[in-house]
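A.B. asks: One file is attached below, work-v4.txt, containing compact mmCIF, C-alpha atoms (C1' of nucleotides).
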```txt
# COMPACT_ATOMS: atom_id res chain seq x y z
CA MET A 1 104.45 98.74 85.41
CA PHE A 2 104.53 96.11 82.66
CA SER A 3 106.39 92.79 82.74
CA LYS A 4 109.58 92.37 80.71
CA ALA A 5 107.67 90.05 78.39
CA CYS A 6 105.15 92.80 77.77
CA GLU A 7 107.81 95.43 77.15
CA TYR A 8 109.57 93.20 74.63
CA GLY A 9 106.27 92.26 73.03
CA ILE A 10 105.18 95.86 72.51
CA ARG A 11 108.58 96.86 71.15
CA ALA A 12 108.56 93.91 68.75
CA MET A 13 105.07 94.70 67.52
CA ILE A 14 105.87 98.36 66.89
CA TYR A 15 108.94 97.36 64.93
CA LEU A 16 107.04 94.72 62.99
CA THR A 17 104.27 97.14 62.10
CA ALA A 18 106.81 99.59 60.71
CA ALA A 19 108.64 96.85 58.76
CA SER A 20 105.42 95.33 57.44
CA LYS A 21 104.52 98.61 55.76
CA GLU A 22 107.23 97.72 53.23
CA GLY A 23 105.89 94.19 53.00
CA SER A 24 108.84 92.65 54.78
CA LYS A 25 108.76 89.64 57.06
CA MET A 26 111.25 89.80 59.87
CA SER A 27 113.05 86.96 61.62
CA ILE A 28 113.39 86.79 65.38
CA ARG A 29 117.03 87.69 64.90
CA ASP A 30 116.16 90.88 63.01
CA ILE A 31 113.52 91.89 65.50
CA CYS A 32 115.79 91.40 68.47
CA ARG A 33 118.67 93.25 66.82
CA GLU A 34 116.40 96.26 66.34
CA THR A 35 114.68 96.16 69.73
CA GLY A 36 117.56 95.05 71.94
CA ALA A 37 115.54 92.13 73.28
CA PRO A 38 116.74 88.57 74.06
CA GLU A 39 116.07 86.22 71.13
CA HIS A 40 114.70 83.03 72.66
CA PHE A 41 112.57 84.87 75.16
CA THR A 42 111.15 87.13 72.47
CA ALA A 43 110.45 84.10 70.30
CA LYS A 44 108.24 82.71 73.09
CA ILE A 45 106.37 85.95 73.40
CA LEU A 46 105.77 86.31 69.66
CA GLN A 47 104.64 82.70 69.36
CA ASP A 48 102.09 83.45 72.03
CA LEU A 49 100.97 86.65 70.33
CA SER A 50 100.77 84.75 67.06
CA ARG A 51 98.49 82.11 68.58
CA LYS A 52 96.31 84.93 69.84
CA GLY A 53 96.19 86.57 66.43
CA LEU A 54 97.99 89.78 67.33
CA VAL A 55 100.88 89.08 64.95
CA SER A 56 101.25 86.84 61.91
CA SER A 57 104.05 84.42 61.07
CA LEU A 58 105.27 82.09 58.38
CA LYS A 59 107.87 79.34 58.68
CA GLY A 60 110.65 78.58 56.28
CA PRO A 61 113.10 80.60 54.18
CA LYS A 62 111.75 84.09 53.50
CA GLY A 63 109.43 83.47 56.41
CA GLY A 64 109.28 85.38 59.66
CA PHE A 65 106.92 87.56 61.63
CA PHE A 66 104.81 90.31 60.14
CA MET A 67 101.65 92.31 60.64
CA GLU A 68 98.63 92.10 58.37
CA ASP A 69 97.25 95.49 57.45
CA GLU A 70 94.35 95.27 59.88
CA GLN A 71 96.72 94.24 62.70
CA GLY A 72 98.10 97.78 62.61
CA ASN A 73 94.93 98.83 64.38
CA ILE A 74 95.76 96.71 67.39
CA ASN A 75 96.14 98.91 70.45
CA LEU A 76 98.43 98.72 73.45
CA LYS A 77 95.71 97.65 75.82
CA GLN A 78 95.13 94.54 73.71
CA ILE A 79 98.82 93.67 73.86
CA VAL A 80 99.11 94.27 77.60
CA GLU A 81 96.03 92.16 78.24
CA ALA A 82 97.30 89.37 76.00
CA ILE A 83 100.63 89.18 77.84
CA ASP A 84 100.08 90.48 81.38
CA GLY A 85 96.37 89.87 81.77
CA THR A 86 93.76 92.30 83.04
CA SER A 87 94.84 92.72 86.65
CA LEU A 88 96.54 96.05 85.96
CA PHE A 89 93.20 97.44 84.83
CA THR A 90 90.90 95.74 87.29
CA GLY A 91 92.98 94.84 90.35
CA CYS A 92 93.10 96.62 93.70
CA GLY A 93 96.00 98.99 94.28
CA LEU A 94 96.62 97.46 97.70
CA GLY A 95 96.17 93.89 96.50
CA LEU A 96 92.82 93.16 98.18
CA LYS A 97 91.05 90.17 96.69
CA GLU A 98 87.80 92.04 96.84
CA CYS A 99 87.82 95.77 96.38
CA SER A 100 84.94 97.69 94.86
CA GLU A 101 82.73 100.70 95.38
CA LEU A 102 80.78 98.64 97.90
CA GLN A 103 83.84 97.43 99.75
CA PRO A 104 86.69 99.78 98.87
CA CYS A 105 90.28 99.84 100.08
CA PRO A 106 91.47 103.19 101.43
CA ILE A 107 92.92 104.29 98.08
CA HIS A 108 90.21 102.80 95.88
CA ASN A 109 88.87 105.98 94.33
CA LYS A 110 92.15 107.78 93.88
CA PHE A 111 93.74 104.70 92.38
CA LYS A 112 90.82 104.10 90.09
CA GLY A 113 91.38 107.47 88.47
CA ILE A 114 94.96 106.61 87.57
CA ARG A 115 94.12 103.09 86.46
CA ASP A 116 91.35 104.33 84.20
CA ALA A 117 93.54 107.02 82.67
CA LEU A 118 96.20 104.42 81.93
CA GLN A 119 93.65 102.07 80.47
CA GLN A 120 92.23 104.77 78.24
CA MET A 121 95.63 105.93 77.05
CA LEU A 122 96.58 102.37 76.10
CA ALA A 123 93.24 101.68 74.43
CA GLU A 124 93.41 104.75 72.23
CA THR A 125 97.01 104.15 71.12
CA THR A 126 97.50 101.81 68.15
CA VAL A 127 100.82 100.27 67.15
CA GLU A 128 100.37 101.94 63.76
CA GLN A 129 100.39 105.37 65.40
CA LEU A 130 103.57 104.55 67.26
CA THR A 131 105.52 103.87 64.08
CA VAL A 132 105.04 107.42 62.79
CA ASN A 133 108.22 108.98 64.14
CA LEU A 134 110.22 105.77 64.10
CA ASP A 135 111.48 105.98 60.50
CA LYS A 136 112.28 109.67 61.03
CA GLY A 137 114.62 108.69 63.84
CA LEU A 138 112.72 110.78 66.36
CA VAL A 139 111.77 107.90 68.63
CA PHE A 140 113.63 104.69 69.51
CA LEU A 141 113.01 101.04 70.34
CA LYS A 142 116.40 100.45 71.91
CA LYS A 143 119.29 102.38 73.36
CA LYS A 144 121.34 104.06 70.65
CA MET B 1 101.46 98.00 89.84
CA PHE B 2 103.10 97.62 93.26
CA SER B 3 104.94 94.58 94.58
CA LYS B 4 103.26 92.36 97.18
CA ALA B 5 105.77 93.66 99.73
CA CYS B 6 104.65 97.18 98.98
CA GLU B 7 100.96 96.34 99.19
CA TYR B 8 101.44 94.68 102.58
CA GLY B 9 103.65 97.54 103.74
CA ILE B 10 101.10 100.21 102.90
CA ARG B 11 98.25 98.26 104.45
CA ALA B 12 100.29 97.71 107.63
CA MET B 13 101.20 101.38 107.88
CA ILE B 14 97.63 102.55 107.45
CA TYR B 15 96.50 100.15 110.17
CA LEU B 16 99.34 101.19 112.47
CA THR B 17 98.57 104.86 112.01
CA ALA B 18 94.96 104.28 112.99
CA ALA B 19 95.94 102.15 116.01
CA SER B 20 98.63 104.57 117.14
CA LYS B 21 96.07 107.33 117.51
CA GLU B 22 94.93 105.48 120.63
CA GLY B 23 98.54 105.08 121.71
CA SER B 24 98.60 101.35 121.08
CA LYS B 25 101.59 99.36 119.93
CA MET B 26 100.70 96.46 117.67
CA SER B 27 102.44 93.13 117.32
CA ILE B 28 103.10 91.57 113.94
CA ARG B 29 100.37 89.09 114.75
CA ASP B 30 97.82 91.84 115.35
CA ILE B 31 98.81 93.71 112.22
CA CYS B 32 98.56 90.64 110.03
CA ARG B 33 95.24 89.61 111.50
CA GLU B 34 93.82 92.99 110.58
CA THR B 35 95.41 93.31 107.15
CA GLY B 36 95.26 89.70 105.98
CA ALA B 37 98.99 89.63 105.27
CA PRO B 38 101.51 86.80 105.90
CA GLU B 39 103.26 87.24 109.24
CA HIS B 40 106.90 86.48 108.59
CA PHE B 41 106.93 88.28 105.29
CA THR B 42 105.28 91.35 106.81
CA ALA B 43 107.79 91.26 109.66
CA LYS B 44 110.60 91.59 107.10
CA ILE B 45 108.91 94.52 105.46
CA LEU B 46 108.23 96.36 108.71
CA GLN B 47 111.77 95.77 109.94
CA ASP B 48 112.98 97.40 106.74
CA LEU B 49 110.55 100.31 107.10
CA SER B 50 111.65 100.66 110.72
CA ARG B 51 115.33 100.92 109.73
CA LYS B 52 114.34 103.60 107.25
CA GLY B 53 112.39 105.52 109.88
CA LEU B 54 108.93 105.15 108.35
CA VAL B 55 107.58 103.18 111.31
CA SER B 56 108.72 102.83 114.92
CA SER B 57 109.13 99.70 117.00
CA LEU B 58 109.95 98.46 120.44
CA LYS B 59 110.94 94.97 121.52
CA GLY B 60 109.70 93.05 124.52
CA PRO B 61 106.37 92.55 126.25
CA LYS B 62 104.03 95.47 125.53
CA GLY B 63 106.29 96.22 122.60
CA GLY B 64 105.35 96.20 118.95
CA PHE B 65 105.12 98.53 116.00
CA PHE B 66 103.64 101.99 116.12
CA MET B 67 103.71 105.36 114.43
CA GLU B 68 105.03 108.50 116.06
CA ASP B 69 102.73 111.47 115.57
CA GLU B 70 104.88 113.02 112.85
CA GLN B 71 105.01 109.70 111.00
CA GLY B 72 101.34 110.13 110.20
CA ASN B 73 102.42 112.70 107.64
CA ILE B 74 104.33 110.10 105.66
CA ASN B 75 102.84 109.80 102.18
CA LEU B 76 102.36 106.84 99.87
CA LYS B 77 105.11 107.88 97.51
CA GLN B 78 107.62 107.63 100.35
CA ILE B 79 106.46 104.12 101.18
CA VAL B 80 106.50 102.95 97.55
CA GLU B 81 109.99 104.37 97.06
CA ALA B 82 111.24 102.78 100.28
CA ILE B 83 110.01 99.33 99.25
CA ASP B 84 109.87 99.23 95.43
CA GLY B 85 112.38 101.95 94.57
CA THR B 86 111.93 104.81 92.15
CA SER B 87 111.70 102.94 88.84
CA LEU B 88 107.90 103.22 88.74
CA PHE B 89 108.26 107.00 88.73
CA THR B 90 111.33 107.39 86.56
CA GLY B 91 111.58 104.27 84.39
CA CYS B 92 110.63 103.88 80.73
CA GLY B 93 107.26 102.33 79.96
CA LEU B 94 108.84 100.04 77.40
CA GLY B 95 111.85 99.21 79.56
CA LEU B 96 114.50 101.13 77.62
CA LYS B 97 117.66 101.75 79.61
CA GLU B 98 117.80 105.27 78.29
CA CYS B 99 114.58 107.07 77.54
CA SER B 100 114.18 110.82 77.82
CA GLU B 101 112.90 113.85 75.96
CA LEU B 102 116.09 113.73 73.92
CA GLN B 103 115.86 110.05 73.14
CA PRO B 104 112.26 109.00 73.73
CA CYS B 105 110.59 105.64 73.25
CA PRO B 106 107.41 105.72 71.15
CA ILE B 107 105.13 106.07 74.18
CA HIS B 108 107.36 108.36 76.20
CA ASN B 109 105.11 111.40 76.39
CA LYS B 110 101.83 109.61 76.84
CA PHE B 111 103.31 107.38 79.50
CA LYS B 112 104.91 110.28 81.31
CA GLY B 113 101.49 111.83 81.81
CA ILE B 114 100.19 108.76 83.59
CA ARG B 115 103.36 108.24 85.59
CA ASP B 116 103.34 111.82 86.80
CA ALA B 117 99.68 111.68 87.74
CA LEU B 118 100.33 108.52 89.75
CA GLN B 119 103.33 110.08 91.42
CA GLN B 120 101.41 113.20 92.36
CA MET B 121 98.46 111.24 93.71
CA LEU B 122 100.77 109.15 95.91
CA ALA B 123 102.77 112.17 97.06
CA GLU B 124 99.71 114.10 98.18
CA THR B 125 98.14 111.19 100.05
CA THR B 126 99.29 110.68 103.65
CA VAL B 127 98.69 107.54 105.70
CA GLU B 128 96.90 109.73 108.22
CA GLN B 129 94.32 110.73 105.60
CA LEU B 130 93.71 107.11 104.73
CA THR B 131 92.68 106.20 108.26
CA VAL B 132 89.73 108.59 108.23
CA ASN B 133 87.04 106.18 107.08
CA LEU B 134 88.67 103.09 108.50
CA ASP B 135 87.16 103.28 112.01
CA LYS B 136 83.78 104.10 110.49
CA GLY B 137 83.92 100.81 108.60
CA LEU B 138 83.60 102.55 105.26
CA VAL B 139 86.93 101.33 103.88
CA PHE B 140 88.81 98.07 104.42
CA LEU B 141 92.33 96.68 104.70
CA LYS B 142 91.34 93.10 104.07
CA LYS B 143 88.52 91.07 102.66
CA LYS B 144 85.55 90.94 105.01
C1' DC C 1 114.16 65.47 46.35
C1' DT C 2 117.53 67.78 49.11
C1' DA C 3 119.49 71.37 51.65
C1' DA C 4 118.77 75.51 53.90
C1' DT C 5 116.07 78.62 56.64
C1' DT C 6 112.83 79.80 59.56
C1' DA C 7 109.11 79.50 63.42
C1' DA C 8 107.24 76.19 67.00
C1' DA C 9 107.76 73.59 70.86
C1' DG C 10 109.73 71.65 74.81
C1' DA C 11 113.31 71.04 78.31
C1' DT C 12 116.24 73.28 81.27
C1' DA C 13 118.46 76.93 84.00
C1' DA C 14 119.10 81.28 86.45
C1' DA C 15 117.30 85.11 88.91
C1' DA C 16 113.86 87.49 91.43
C1' DA C 17 109.83 87.66 94.22
C1' DG C 18 107.21 85.80 97.68
C1' DG C 19 106.94 83.29 101.80
C1' DT C 20 108.36 80.29 106.01
C1' DC C 21 111.14 78.60 109.86
C1' DT C 22 114.57 79.02 113.47
C1' DT C 23 117.52 81.47 116.39
C1' DT C 24 118.92 85.69 118.74
C1' DA C 25 118.48 90.14 121.08
C1' DT C 26 115.86 93.17 123.95
C1' DA C 27 112.51 94.87 126.96
C1' DT C 28 108.92 94.03 130.59
C1' DA C 29 106.65 92.15 134.53
C1' DT C 30 106.81 89.30 138.38
C1' DA D 1 117.06 86.94 138.57
C1' DT D 2 113.76 84.56 135.76
C1' DA D 3 110.26 83.84 132.57
C1' DT D 4 107.82 85.85 128.91
C1' DA D 5 106.73 88.53 124.99
C1' DT D 6 108.17 90.80 121.38
C1' DA D 7 111.08 92.56 117.22
C1' DA D 8 115.43 91.46 114.59
C1' DA D 9 118.06 88.64 111.90
C1' DG D 10 119.38 84.96 109.09
C1' DA D 11 118.77 80.62 106.78
C1' DC D 12 115.91 78.32 103.93
C1' DC D 13 112.17 77.03 100.70
C1' DT D 14 108.70 77.76 96.81
C1' DT D 15 106.84 79.99 92.94
C1' DT D 16 107.09 83.04 89.20
C1' DT D 17 109.60 85.47 85.89
C1' DT D 18 113.20 85.82 82.79
C1' DA D 19 116.23 83.58 79.82
C1' DT D 20 118.70 79.88 77.23
C1' DC D 21 119.40 75.53 74.75
C1' DT D 22 117.88 71.73 71.90
C1' DT D 23 114.85 69.42 68.92
C1' DT D 24 111.03 69.39 65.64
C1' DA D 25 108.00 71.05 61.94
C1' DA D 26 107.15 73.71 57.96
C1' DT D 27 108.37 76.22 53.92
C1' DT D 28 111.24 77.66 50.15
C1' DA D 29 114.89 77.54 46.65
C1' DG D 30 117.63 74.97 43.81
```
Could you quickly redo this structure as structure tokens?
C.D. replies:
Amino acid sequence: MFSKACEYGIRAMIYLTAASKEGSKMSIRDICRETGAPEHFTAKILQDLSRKGLVSSLKGPKGGFFMEDEQGNINLKQIVEAIDGTSLFTGCGLGLKECSELQPCPIHNKFKGIRDALQQMLAETTVEQLTVNLDKGLVFLKKK
Amino acid sequence: MFSKACEYGIRAMIYLTAASKEGSKMSIRDICRETGAPEHFTAKILQDLSRKGLVSSLKGPKGGFFMEDEQGNINLKQIVEAIDGTSLFTGCGLGLKECSELQPCPIHNKFKGIRDALQQMLAETTVEQLTVNLDKGLVFLKKK
DNA sequence: CTAATTAAAGATAAAAAGGTCTTTATATAT
DNA sequence: ATATATAAAGACCTTTTTATCTTTAATTAG
């Protein structure tokens, strides 16, 4: 469904949001230890998200990545769009370059229903919400 | 959502089902002309689907690909699984190797809803059904 | 000011997906 | 039998994705 980059990015942002509640900045190493993601690859992804304003960062000792308070309101759709683009939400299920109500592919309407439900679910889910059961050990960001 | 191979495969099968109603066998060239797909790549895909029994084929002059009557009942889930595997239906939204009710990722339940809806939609949609509006020119398999 | 620590950036590599080309096998029609 | 048309198979190439390695820039602590 999502690219690896997107999966790692979402996991990192959820972890960062949880950690930032205690005011901590986390290094790439920390983040990847806790999310089971590859370090250099994740660094690329977070640098990209940082440029786009979805996460914050600071260089130097005691530096690292973190989330500003208002960044907790960022939702999953924003992250997916930042990393994977909008094609998942707007593209044709059968890959047609042009597919619309006017010129639909055979699965246009059925697929649209699914696509829209996915889009809505992602849009209404903030990273903040996803940290709720994390500290309680009820949900996980990597294999135990 | 689906791989290119899967998109081409589905489009080819819908076209073949429609053509086979008139008893025609279609060459790769015909199929790709009508679906806007690359020939050699589509040949690979159809050869694979043929080995797996989802389409039928015959070599030689007047040969080509076609669908047996009962193959019209094949549904989209079967095609997606044959080409892309089952990970879309069973895998974790955040890419965790182990993700289940017992050990869920933060989006497990919300994602499961979407995944299941997609799965059900694909399972209840047969290629036969998708040919209905094709001859009427109401739906399309390639850009006009 | 210096050393240490961290993200940023860029170069490179490996793997997977997507796509093409060439040869072979098989069936048909003449 | 021979020529022809077709799928089947395999080798190869290109692009994208995933991942790693190295160097640079910025910040902090002492």
A.B. asks: Under the rule that only C-alpha atoms (C1' of nucleotides) are counted, which of B:Val127, B:Ala82, B:Met13, B:Ile28 is the nearest residue to chain D?
C.D. replies: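 For chain D, the nearest of the given residues is B:Ile28.
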A.B. asks: Can you check which residues of chain B have any atom within 8 Å of chain A? Use all atoms listed in the file and format it as a CSV table (one decimal) with C-alpha atoms, in the frame of the given file.
C.D. replies:
```csv
chain,number,residue,atom,x,y,z
B,1,MET,CA,101.5,98.0,89.8
B,2,PHE,CA,103.1,97.6,93.3
B,4,LYS,CA,103.3,92.4,97.2
B,7,GLU,CA,101.0,96.3,99.2
B,8,TYR,CA,101.4,94.7,102.6
B,10,ILE,CA,101.1,100.2,102.9
B,11,ARG,CA,98.2,98.3,104.4
B,88,LEU,CA,107.9,103.2,88.7
B,93,GLY,CA,107.3,102.3,80.0
B,94,LEU,CA,108.8,100.0,77.4
B,95,GLY,CA,111.8,99.2,79.6
B,96,LEU,CA,114.5,101.1,77.6
B,97,LYS,CA,117.7,101.8,79.6
B,98,GLU,CA,117.8,105.3,78.3
B,99,CYS,CA,114.6,107.1,77.5
B,103,GLN,CA,115.9,110.0,73.1
B,104,PRO,CA,112.3,109.0,73.7
B,105,CYS,CA,110.6,105.6,73.2
B,106,PRO,CA,107.4,105.7,71.2
B,107,ILE,CA,105.1,106.1,74.2
B,110,LYS,CA,101.8,109.6,76.8
B,114,ILE,CA,100.2,108.8,83.6
B,117,ALA,CA,99.7,111.7,87.7
B,118,LEU,CA,100.3,108.5,89.8
B,121,MET,CA,98.5,111.2,93.7
B,130,LEU,CA,93.7,107.1,104.7
B,131,THR,CA,92.7,106.2,108.3
B,133,ASN,CA,87.0,106.2,107.1
B,134,LEU,CA,88.7,103.1,108.5
B,138,LEU,CA,83.6,102.6,105.3
B,139,VAL,CA,86.9,101.3,103.9
B,140,PHE,CA,88.8,98.1,104.4
B,141,LEU,CA,92.3,96.7,104.7
B,142,LYS,CA,91.3,93.1,104.1
B,143,LYS,CA,88.5,91.1,102.7
```
A.B. asks: For a quick test of understanding: name the residues of chain A lying within 9 Å of chain D when counting only C-alpha atoms (C1' of nucleotides), and present them as a PDB file with C-alpha atoms, in the coordinates of the input.
C.D. replies:
```pdb
ATOM      1  CA  SER A   3     106.390  92.790  82.740  1.00  0.00           C
ATOM      2  CA  LYS A   4     109.580  92.370  80.710  1.00  0.00           C
ATOM      3  CA  ALA A   5     107.670  90.050  78.390  1.00  0.00           C
ATOM      4  CA  PRO A  38     116.740  88.570  74.060  1.00  0.00           C
ATOM      5  CA  HIS A  40     114.700  83.030  72.660  1.00  0.00           C
ATOM      6  CA  PHE A  41     112.570  84.870  75.160  1.00  0.00           C
ATOM      7  CA  LEU A  58     105.270  82.090  58.380  1.00  0.00           C
ATOM      8  CA  LYS A  59     107.870  79.340  58.680  1.00  0.00           C
ATOM      9  CA  GLY A  60     110.650  78.580  56.280  1.00  0.00           C
ATOM     10  CA  PRO A  61     113.100  80.600  54.180  1.00  0.00           C
ATOM     11  CA  LYS A  62     111.750  84.090  53.500  1.00  0.00           C
ATOM     12  CA  GLY A  63     109.430  83.470  56.410  1.00  0.00           C
TER      13      GLY A  63
END
```
A.B. asks: Tell me as an MDAnalysis selection string which residues belonging to chain C come within 8 Å of chain A, counting all atoms listed in the file.
C.D. replies: chainID C and resid 4:8
A.B. asks: Quote the spacing between CA of Phe66 (chain A) and CA of Glu39 (chain A) in Å to one decimal place.
C.D. replies: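 The value is 16.3 Å.
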A.B. asks: Just give me the gap between C1' of DT20 (chain C) and CA of Arg29 (chain B) in Å, one decimal is fine.
C.D. replies: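 Atom-to-atom, C1' of DT20 (chain C) to CA of Arg29 (chain B), that is 14.8 Å.
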A.B. asks: Once 8 Å is added on each side, what centre and edge lengths in Å to one decimal does the axis-aligned box around all listed atoms of region 4-21 of chain D have, as JSON?
C.D. replies:
```
{"center_x": 113.1, "center_y": 84.0, "center_z": 101.8, "size_x": 28.7, "size_y": 33.0, "size_z": 70.2}
```
A.B. asks: What is the CA of Thr86 (chain B) to CA of Cys32 (chain B) distance in Å?
C.D. replies: 26.4 Å
A.B. asks: What would the file be for region 12-24 of chain D if you keep N, CA and C atoms (P, O5', C5', C4', C3', O3' and C1' of nucleotides) and write it as a PDB file, in the first residue's frame?
C.D. replies:
```pdb
ATOM      1  P    DC D  12      22.759 -12.547 -21.492  1.00  0.00           P
ATOM      2  O5'  DC D  12      22.091 -11.094 -21.526  1.00  0.00           O
ATOM      3  C5'  DC D  12      21.704 -10.563 -22.784  1.00  0.00           C
ATOM      4  C4'  DC D  12      20.839  -9.344 -22.556  1.00  0.00           C
ATOM      5  C3'  DC D  12      21.484  -8.259 -21.688  1.00  0.00           C
ATOM      6  O3'  DC D  12      21.868  -7.199 -22.535  1.00  0.00           O
ATOM      7  C1'  DC D  12      19.143  -8.524 -21.264  1.00  0.00           C
ATOM      8  P    DC D  13      22.803  -6.005 -21.958  1.00  0.00           P
ATOM      9  O5'  DC D  13      21.751  -4.828 -21.718  1.00  0.00           O
ATOM     10  C5'  DC D  13      20.852  -4.480 -22.763  1.00  0.00           C
ATOM     11  C4'  DC D  13      19.758  -3.603 -22.179  1.00  0.00           C
ATOM     12  C3'  DC D  13      20.296  -2.471 -21.305  1.00  0.00           C
ATOM     13  O3'  DC D  13      19.866  -1.256 -21.883  1.00  0.00           O
ATOM     14  C1'  DC D  13      18.464  -3.563 -20.269  1.00  0.00           C
ATOM     15  P    DT D  14      20.357   0.153 -21.277  1.00  0.00           P
ATOM     16  O5'  DT D  14      19.113   0.604 -20.398  1.00  0.00           O
ATOM     17  C5'  DT D  14      17.822   0.567 -20.988  1.00  0.00           C
ATOM     18  C4'  DT D  14      16.816   1.130 -19.997  1.00  0.00           C
ATOM     19  C3'  DT D  14      17.327   2.316 -19.192  1.00  0.00           C
ATOM     20  O3'  DT D  14      16.324   3.296 -19.274  1.00  0.00           O
ATOM     21  C1'  DT D  14      16.533   0.619 -17.731  1.00  0.00           C
ATOM     22  P    DT D  15      16.497   4.754 -18.539  1.00  0.00           P
ATOM     23  O5'  DT D  15      15.580   4.601 -17.234  1.00  0.00           O
ATOM     24  C5'  DT D  15      14.253   4.086 -17.386  1.00  0.00           C
ATOM     25  C4'  DT D  15      13.656   3.867 -16.023  1.00  0.00           C
ATOM     26  C3'  DT D  15      13.895   5.019 -15.044  1.00  0.00           C
ATOM     27  O3'  DT D  15      12.609   5.396 -14.611  1.00  0.00           O
ATOM     28  C1'  DT D  15      14.433   2.939 -14.043  1.00  0.00           C
ATOM     29  P    DT D  16      12.422   6.612 -13.489  1.00  0.00           P
ATOM     30  O5'  DT D  16      12.167   5.802 -12.137  1.00  0.00           O
ATOM     31  C5'  DT D  16      11.175   4.755 -12.134  1.00  0.00           C
ATOM     32  C4'  DT D  16      11.239   4.028 -10.806  1.00  0.00           C
ATOM     33  C3'  DT D  16      11.301   4.956  -9.595  1.00  0.00           C
ATOM     34  O3'  DT D  16      10.220   4.559  -8.771  1.00  0.00           O
ATOM     35  C1'  DT D  16      12.957   3.276  -9.449  1.00  0.00           C
ATOM     36  P    DT D  17       9.945   5.276  -7.315  1.00  0.00           P
ATOM     37  O5'  DT D  17      10.553   4.226  -6.286  1.00  0.00           O
ATOM     38  C5'  DT D  17      10.190   2.842  -6.421  1.00  0.00           C
ATOM     39  C4'  DT D  17      11.016   2.020  -5.451  1.00  0.00           C
ATOM     40  C3'  DT D  17      11.084   2.585  -4.037  1.00  0.00           C
ATOM     41  O3'  DT D  17      10.662   1.545  -3.174  1.00  0.00           O
ATOM     42  C1'  DT D  17      13.255   2.010  -4.812  1.00  0.00           C
ATOM     43  P    DT D  18      10.554   1.790  -1.596  1.00  0.00           P
ATOM     44  O5'  DT D  18      11.976   1.266  -1.085  1.00  0.00           O
ATOM     45  C5'  DT D  18      12.339  -0.083  -1.348  1.00  0.00           C
ATOM     46  C4'  DT D  18      13.758  -0.329  -0.889  1.00  0.00           C
ATOM     47  C3'  DT D  18      14.065   0.139   0.532  1.00  0.00           C
ATOM     48  O3'  DT D  18      14.527  -0.995   1.252  1.00  0.00           O
ATOM     49  C1'  DT D  18      15.772   0.798  -0.961  1.00  0.00           C
ATOM     50  P    DA D  19      14.957  -0.873   2.816  1.00  0.00           P
ATOM     51  O5'  DA D  19      16.494  -0.496   2.716  1.00  0.00           O
ATOM     52  C5'  DA D  19      17.395  -1.410   2.106  1.00  0.00           C
ATOM     53  C4'  DA D  19      18.772  -0.787   2.045  1.00  0.00           C
ATOM     54  C3'  DA D  19      19.279  -0.186   3.357  1.00  0.00           C
ATOM     55  O3'  DA D  19      20.243  -1.074   3.905  1.00  0.00           O
ATOM     56  C1'  DA D  19      19.910   1.102   1.441  1.00  0.00           C
ATOM     57  P    DT D  20      21.057  -0.648   5.229  1.00  0.00           P
ATOM     58  O5'  DT D  20      22.371   0.006   4.594  1.00  0.00           O
ATOM     59  C5'  DT D  20      23.133  -0.746   3.645  1.00  0.00           C
ATOM     60  C4'  DT D  20      24.330   0.066   3.175  1.00  0.00           C
ATOM     61  C3'  DT D  20      25.227   0.604   4.293  1.00  0.00           C
ATOM     62  O3'  DT D  20      26.543   0.126   4.044  1.00  0.00           O
ATOM     63  C1'  DT D  20      24.764   2.292   2.705  1.00  0.00           C
ATOM     64  P    DC D  21      27.710   0.362   5.173  1.00  0.00           P
ATOM     65  O5'  DC D  21      28.600   1.526   4.526  1.00  0.00           O
ATOM     66  C5'  DC D  21      28.910   1.489   3.129  1.00  0.00           C
ATOM     67  C4'  DC D  21      29.601   2.789   2.733  1.00  0.00           C
ATOM     68  C3'  DC D  21      30.509   3.369   3.815  1.00  0.00           C
ATOM     69  O3'  DC D  21      31.773   3.651   3.218  1.00  0.00           O
ATOM     70  C1'  DC D  21      29.005   5.016   3.041  1.00  0.00           C
ATOM     71  P    DT D  22      32.977   4.285   4.160  1.00  0.00           P
ATOM     72  O5'  DT D  22      32.954   5.820   3.747  1.00  0.00           O
ATOM     73  C5'  DT D  22      32.870   6.159   2.358  1.00  0.00           C
ATOM     74  C4'  DT D  22      32.840   7.661   2.207  1.00  0.00           C
ATOM     75  C3'  DT D  22      33.741   8.418   3.176  1.00  0.00           C
ATOM     76  O3'  DT D  22      34.501   9.366   2.432  1.00  0.00           O
ATOM     77  C1'  DT D  22      31.550   9.300   3.260  1.00  0.00           C
ATOM     78  P    DT D  23      35.629  10.293   3.195  1.00  0.00           P
ATOM     79  O5'  DT D  23      34.943  11.745   3.161  1.00  0.00           O
ATOM     80  C5'  DT D  23      34.408  12.216   1.915  1.00  0.00           C
ATOM     81  C4'  DT D  23      33.542  13.426   2.169  1.00  0.00           C
ATOM     82  C3'  DT D  23      34.211  14.538   2.990  1.00  0.00           C
ATOM     83  O3'  DT D  23      34.109  15.747   2.240  1.00  0.00           O
ATOM     84  C1'  DT D  23      32.054  14.079   3.807  1.00  0.00           C
ATOM     85  P    DT D  24      34.768  17.135   2.852  1.00  0.00           P
ATOM     86  O5'  DT D  24      33.461  17.888   3.398  1.00  0.00           O
ATOM     87  C5'  DT D  24      32.387  18.146   2.492  1.00  0.00           C
ATOM     88  C4'  DT D  24      31.248  18.809   3.261  1.00  0.00           C
ATOM     89  C3'  DT D  24      31.659  20.038   4.076  1.00  0.00           C
ATOM     90  O3'  DT D  24      30.813  21.108   3.687  1.00  0.00           O
ATOM     91  C1'  DT D  24      30.365  18.559   5.387  1.00  0.00           C
TER      92       DT D  24
END
```
